[in-house]
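Read through the structure below, which is laid out as structure tokens, and then see the notes.
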Amino acid sequence: MDVVELLPRLHLLRFPVGQAYLWRDGDELTLVDAGAKGAGAPIAEAIKALGRDPADVRRIVLTHFHEDHAGGAAEVAGLCGAEVLAHRLDAPVVRGEVPGPPPVFEDWERPLHARALEQLPEGEPPRPKQVTELSDGDVLDFGGGARVVHAPGHTHGSIAVHLPAHGVLFTGDAVAASPVDGAVVLGVFNLDRARAIASFRRLAALDAEMACFGHGDPVTARAGRALRESADRYRTPG
């Protein structure tokens, strides 16, 4: 796992598939997404390497239920004693109460998805027993007031997390950066492409300075402009 400092209080944790983000407020840490099954111990070691205690992690905010983002949540929560939070529409899937609906693939996405699955651990991940349910507009107690932005389309309960006080936006998989050239693009493997495009445009309108994606390198300056220019190129189906 690679650990990349984006700001003195913000680190990117990069896994074989996907990535998470560690935010620091004084002695308190917040994790945005938690990697796949097996990510718990590497995340705890990364926190120690940064000179922090895993017990400083107060909360794990999940942007959606997919395994590469939520599969490590129970492990991290068990190691750190952290609260797990997810949107109310995805929380039952995170808890393992219901199966998650599969994406509606574009033809060109199928080989990409197959390659991603090959890099994920086999077997079902452990499930957190308790998941605090979030709704659009909720404000969480970190980053000077972290606003939950419902961004459906990738999953029904996908969220972004916006830190207006710091100009930082965590998009989950609603938006991504291309591994080829770093271009900002709509996230892949969506349930509803039209809603995903609408969510992309909503996030672009927040005009964040930094955008942190679930996949691909973050945009570290003038992110709102980059998101708007990309979102404007997508045409809503139908």
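Convention: chains lettered A, B, ... in structure tokens order; per-chain residue numbering from 1; ligands numbered from 1 as shown.
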Selection near region 25-33 of chain A, 9 Å with only C-alpha atoms, sequence-local residues under 3 positions removed, as a short mmCIF file (atom, residue, chain, number, x, y, z; two decimals) with C-alpha atoms, in the first residue's frame:
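Output (selection_18.cif):
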data_model
loop_
_atom_site.label_atom_id
_atom_site.label_comp_id
_atom_site.auth_asym_id
_atom_site.auth_seq_id
_atom_site.Cartn_x
_atom_site.Cartn_y
_atom_site.Cartn_z
CA ARG A 9 -3.39 16.82 7.48
CA GLN A 19 -7.85 4.12 -2.48
CA ALA A 20 -8.84 5.68 0.81
CA TYR A 21 -8.02 8.95 2.52
CA LEU A 22 -6.88 9.76 6.06
CA ARG A 52 -0.19 8.21 15.00
CA PRO A 54 -4.76 3.56 15.17
CA ALA A 55 -7.00 4.23 18.17
CA ASP A 56 -7.05 7.89 17.04
CA VAL A 57 -9.36 6.92 14.16
CA ARG A 58 -12.78 8.08 15.33
CA ARG A 59 -14.85 7.36 12.23
CA ILE A 60 -14.79 5.56 8.88
CA VAL A 61 -16.98 7.30 6.31
CA LEU A 62 -17.85 5.00 3.41
CA THR A 63 -18.67 6.61 0.07
CA HIS A 64 -20.53 3.47 -1.09
CA ASP A 68 -12.90 -2.10 -2.74
CA HIS A 69 -14.18 0.75 -0.54
CA ALA A 70 -16.14 -0.96 2.24
CA GLY A 72 -12.00 -3.39 5.02
CA ALA A 73 -14.39 -1.37 7.19
CA ALA A 82 -14.00 3.54 15.07
CA PHE A 142 -14.42 16.70 11.23
CA GLY A 143 -12.64 18.94 8.77
CA GLY A 144 -14.36 22.06 10.07
CA VAL A 161 -17.88 14.32 1.45
CA PHE A 170 -13.96 13.36 -1.57
CA GLY A 172 -15.94 8.33 -4.00
CA GLY A 214 -11.85 6.68 -5.32
#
**Message:** Report as a PyMOL selection string all protein, DNA and RNA residues lying within 8 Å of Ala44 (chain A), evaluated on only C-alpha atoms, omitting residues in the same chain fewer than 2 positions from it.
**Reply:** chain A and resi 40-42+46-48+54+76+79-80
Using only C-alpha atoms, please write the residues we just selected to a file, as a PDB file, in the first residue's frame.
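To be explicit, this is the file written out as part.pdb:
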ATOM      1  CA  GLY A  40      -7.284  -3.386   8.079  1.00  0.00           C
ATOM      2  CA  ALA A  41      -3.774  -4.329   9.192  1.00  0.00           C
ATOM      3  CA  PRO A  42      -1.983  -2.356   6.418  1.00  0.00           C
ATOM      4  CA  ALA A  46       0.371   3.081   7.814  1.00  0.00           C
ATOM      5  CA  ILE A  47      -1.165   5.110  10.632  1.00  0.00           C
ATOM      6  CA  LYS A  48       1.630   4.023  12.965  1.00  0.00           C
ATOM      7  CA  PRO A  54      -4.763   3.560  15.166  1.00  0.00           C
ATOM      8  CA  VAL A  76     -10.432  -1.208  10.621  1.00  0.00           C
ATOM      9  CA  LEU A  79      -8.620  -2.503  15.221  1.00  0.00           C
ATOM     10  CA  CYS A  80      -9.344   1.165  15.899  1.00  0.00           C
TER      11      CYS A  80
END
If you take only C-alpha atoms and a cut-off of 10 Å, which residues of region 53-118 of chain A touch region 146-158 of chain A, and what are their nearest atom pairs and distances in Å to one decimal, in chain and number order, as a Markdown table?
| residue | atom | partner | partner_atom | distance |
| --- | --- | --- | --- | --- |
| A:Val61 | CA | A:Val148 | CA | 9.8 |
| A:Leu62 | CA | A:Ser158 | CA | 8.6 |
| A:Thr63 | CA | A:Ser158 | CA | 5.5 |
| A:His64 | CA | A:Ser158 | CA | 4.7 |
| A:Phe65 | CA | A:Thr155 | CA | 7.7 |
| A:His66 | CA | A:Thr155 | CA | 8.5 |
| A:Ala86 | CA | A:Gly157 | CA | 8.0 |
| A:His87 | CA | A:Gly157 | CA | 5.3 |
| A:Arg88 | CA | A:Gly157 | CA | 6.8 |
| A:Leu89 | CA | A:Gly157 | CA | 4.6 |
| A:Asp90 | CA | A:Gly157 | CA | 4.8 |
| A:Ala91 | CA | A:Gly157 | CA | 8.0 |
| A:Val93 | CA | A:Gly157 | CA | 9.9 |
| A:Gly100 | CA | A:Thr155 | CA | 8.7 |
| A:Pro101 | CA | A:Thr155 | CA | 8.1 |
| A:Pro102 | CA | A:Thr155 | CA | 8.9 |
| A:Pro103 | CA | A:His154 | CA | 7.7 |
| A:Val104 | CA | A:His154 | CA | 9.5 |
**Item:** Exercise: Val17 (chain A) partners within 8 Å, only C-alpha atoms, chain neighbours under 3 positions left out, as a PyMOL selection string
**Value:** chain A and resi 14+35+68+116+119-120+215
**Asked** Which neighbours of Val175 (chain A) fall inside 9 Å, counting only C-alpha atoms, when residues of the same chain fewer than 4 positions from it are skipped, and could you give them as a VMD selection string?
**Response** chain A and resid 171 184 to 188 196 200 203 212 to 215 227
**Prompt:** Which residues in region 183-238 of chain A does DSSP call strand (DSSP E)? List them as a list in words.
**Reply:**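 Secondary structure check on region 183-238 of chain A, strand (DSSP E): Val184, Val185, Leu186, Met210, Ala211, Cys212 and Phe213 of chain A.
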**Contacts of Gly123 (chain A) within 9 Å, only C-alpha atoms, excl. fewer than 2 positions in-chain, as a count of residues only** = 3
**Asked** Pick from A:Ile43, A:Ala36, A:Ala204, A:Val131: nearest to Leu117 (chain A), with only C-alpha atoms counted?
**Response**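 Closest candidate: A:Ala36.
Every protein or nucleic acid residue with an atom no more than 7 Å from region 164-167 of chain A, counting only C-alpha atoms and leaving out same-chain residues fewer than 3 positions away, appears here: A:Gly144, A:Ala208, A:Glu209, A:Met210.
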**Prompt:** In Å, how far is it from CA of His11 (chain A) to CA of Gly216 (chain A)?
**Reply:**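 Those two atoms sit 14.2 Å apart.
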So that I can see what lies close to region 5-7 of chain A, please list as a CSV table (one decimal) with C-alpha atoms, in the first residue's frame the residues with an atom at most 9 Å from it, counting only C-alpha atoms and leaving out residues fewer than 3 positions away in the same chain.
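And here is the file that came out, part.csv:
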chain,number,residue,atom,x,y,z
A,10,LEU,CA,-4.4,14.7,4.5
A,11,HIS,CA,-2.9,11.4,3.2
A,12,LEU,CA,-3.9,9.2,0.3
A,218,PRO,CA,-6.5,13.6,-7.1
A,220,THR,CA,-4.9,19.2,-6.1
**region 37-233 of chain A: residues DSSP assigns to helix (DSSP H, G or I), reported as an NGL selection string** = :A and (40-49 or 54-56 or 67-70 or 73-80 or 91-94 or 109-118 or 193-204 or 223-231)
**Item:** Selected residue, from A:Arg233, A:Arg110, A:Arg95, A:Arg115, that lies nearest to Phe189 (chain A) when counting only C-alpha atoms
**Value:**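 Between A:Arg233, A:Arg110, A:Arg95, A:Arg115, the residue approaching Phe189 (chain A) most closely is A:Arg110.
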